[in-house]
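Notes for the one structure printed next.
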Amino acid sequence: MIVIIIYIVGLIFGAIVLDIWSAETSPKAFLGIGWTVLLLIGLFLTEKKDNN
């Protein structure tokens with residue numbers, strides 16, 4: 001649950017401060033992709049920890 005909250009806060013920060021969803025394509029777009037990858041890794045590790 002906390003992983004999802006951190007993810008949403010990070011997306012809001014990226015949208016407002018870093019402007020990663022601007023009209024022009026830039027390397028900043030990879031920040032959103034990287035952030036999503038970190039969410040998936042966090043969810044995987046959390047699920048793995050809960051199963052043990």
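Here's how to read the names in the structure tokens: chain A, B, ... by the order shown, residue numbers from 1 in each chain, ligand numbers from 1 in the order shown.
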* Please run DSSP on the backbone and report, as a PyMOL selection string, all residues within chain A that come out as helix (DSSP H, G or I). => chain A and resi 2-18+29-51
Deliver the residues from the most recent selection as a file, using N, CA and C atoms, as a short mmCIF file (atom, residue, chain, number, x, y, z; two decimals), in the first residue's frame.
```cif
data_model
loop_
_atom_site.label_atom_id
_atom_site.label_comp_id
_atom_site.auth_asym_id
_atom_site.auth_seq_id
_atom_site.Cartn_x
_atom_site.Cartn_y
_atom_site.Cartn_z
N ILE A 2 1.91 1.25 0.82
CA ILE A 2 2.78 2.43 0.89
C ILE A 2 3.53 2.63 -0.42
N VAL A 3 3.82 1.52 -1.11
CA VAL A 3 4.53 1.61 -2.38
C VAL A 3 3.67 2.36 -3.40
N ILE A 4 2.39 2.08 -3.41
CA ILE A 4 1.48 2.75 -4.35
C ILE A 4 1.35 4.24 -4.02
N ILE A 5 1.30 4.58 -2.75
CA ILE A 5 1.20 5.98 -2.34
C ILE A 5 2.46 6.74 -2.76
N ILE A 6 3.63 6.14 -2.54
CA ILE A 6 4.88 6.77 -2.95
C ILE A 6 4.91 6.94 -4.47
N TYR A 7 4.40 5.95 -5.20
CA TYR A 7 4.36 6.03 -6.66
C TYR A 7 3.49 7.20 -7.12
N ILE A 8 2.32 7.33 -6.54
CA ILE A 8 1.40 8.41 -6.94
C ILE A 8 1.99 9.78 -6.60
N VAL A 9 2.60 9.91 -5.43
CA VAL A 9 3.24 11.17 -5.06
C VAL A 9 4.38 11.49 -6.03
N GLY A 10 5.14 10.48 -6.42
CA GLY A 10 6.22 10.68 -7.38
C GLY A 10 5.71 11.10 -8.75
N LEU A 11 4.61 10.52 -9.18
CA LEU A 11 4.03 10.92 -10.46
C LEU A 11 3.53 12.36 -10.43
N ILE A 12 2.90 12.73 -9.33
CA ILE A 12 2.42 14.11 -9.21
C ILE A 12 3.61 15.07 -9.19
N PHE A 13 4.66 14.72 -8.46
CA PHE A 13 5.87 15.54 -8.44
C PHE A 13 6.46 15.67 -9.84
N GLY A 14 6.53 14.56 -10.55
CA GLY A 14 7.07 14.58 -11.92
C GLY A 14 6.22 15.41 -12.86
N ALA A 15 4.92 15.35 -12.69
CA ALA A 15 4.04 16.10 -13.58
C ALA A 15 4.10 17.60 -13.31
N ILE A 16 4.16 17.98 -12.06
CA ILE A 16 4.12 19.40 -11.71
C ILE A 16 5.50 20.04 -11.77
N VAL A 17 6.47 19.43 -11.13
CA VAL A 17 7.79 20.04 -11.00
C VAL A 17 8.67 19.76 -12.22
N LEU A 18 8.73 18.51 -12.63
CA LEU A 18 9.63 18.14 -13.73
C LEU A 18 8.99 18.26 -15.10
N ALA A 29 11.03 11.88 -20.26
CA ALA A 29 9.97 10.89 -20.36
C ALA A 29 10.43 9.55 -19.80
N PHE A 30 11.72 9.28 -19.86
CA PHE A 30 12.24 8.04 -19.30
C PHE A 30 12.15 8.02 -17.78
N LEU A 31 12.02 9.17 -17.15
CA LEU A 31 11.83 9.20 -15.70
C LEU A 31 10.51 8.54 -15.32
N GLY A 32 9.47 8.79 -16.10
CA GLY A 32 8.18 8.16 -15.84
C GLY A 32 8.24 6.66 -16.03
N ILE A 33 8.96 6.23 -17.06
CA ILE A 33 9.10 4.80 -17.30
C ILE A 33 9.91 4.16 -16.18
N GLY A 34 11.00 4.81 -15.79
CA GLY A 34 11.82 4.29 -14.70
C GLY A 34 11.06 4.23 -13.38
N TRP A 35 10.25 5.24 -13.14
CA TRP A 35 9.46 5.29 -11.91
C TRP A 35 8.46 4.13 -11.89
N THR A 36 7.87 3.82 -13.04
CA THR A 36 6.93 2.71 -13.13
C THR A 36 7.65 1.38 -12.93
N VAL A 37 8.86 1.25 -13.45
CA VAL A 37 9.65 0.04 -13.24
C VAL A 37 9.94 -0.14 -11.75
N LEU A 38 10.28 0.95 -11.07
CA LEU A 38 10.52 0.87 -9.63
C LEU A 38 9.26 0.45 -8.88
N LEU A 39 8.10 0.92 -9.32
CA LEU A 39 6.84 0.50 -8.70
C LEU A 39 6.65 -1.01 -8.86
N LEU A 40 6.86 -1.52 -10.06
CA LEU A 40 6.67 -2.95 -10.30
C LEU A 40 7.64 -3.79 -9.47
N ILE A 41 8.88 -3.34 -9.36
CA ILE A 41 9.86 -4.06 -8.54
C ILE A 41 9.43 -4.03 -7.07
N GLY A 42 8.98 -2.86 -6.61
CA GLY A 42 8.53 -2.73 -5.23
C GLY A 42 7.33 -3.61 -4.93
N LEU A 43 6.38 -3.68 -5.87
CA LEU A 43 5.22 -4.54 -5.67
C LEU A 43 5.62 -6.01 -5.66
N PHE A 44 6.54 -6.38 -6.53
CA PHE A 44 7.01 -7.76 -6.57
C PHE A 44 7.69 -8.15 -5.26
N LEU A 45 8.58 -7.29 -4.77
CA LEU A 45 9.29 -7.60 -3.53
C LEU A 45 8.35 -7.62 -2.32
N THR A 46 7.36 -6.74 -2.32
CA THR A 46 6.39 -6.72 -1.23
C THR A 46 5.56 -7.99 -1.23
N GLU A 47 5.14 -8.42 -2.40
CA GLU A 47 4.35 -9.65 -2.50
C GLU A 47 5.19 -10.86 -2.10
N LYS A 48 6.44 -10.87 -2.51
CA LYS A 48 7.34 -11.98 -2.16
C LYS A 48 7.56 -12.04 -0.65
N LYS A 49 7.71 -10.87 -0.02
CA LYS A 49 7.91 -10.81 1.43
C LYS A 49 6.66 -11.29 2.17
N ASP A 50 5.47 -10.94 1.66
CA ASP A 50 4.23 -11.34 2.32
C ASP A 50 4.01 -12.85 2.23
N ASN A 51 4.50 -13.48 1.17
CA ASN A 51 4.31 -14.92 1.00
C ASN A 51 5.22 -15.72 1.93
#
```
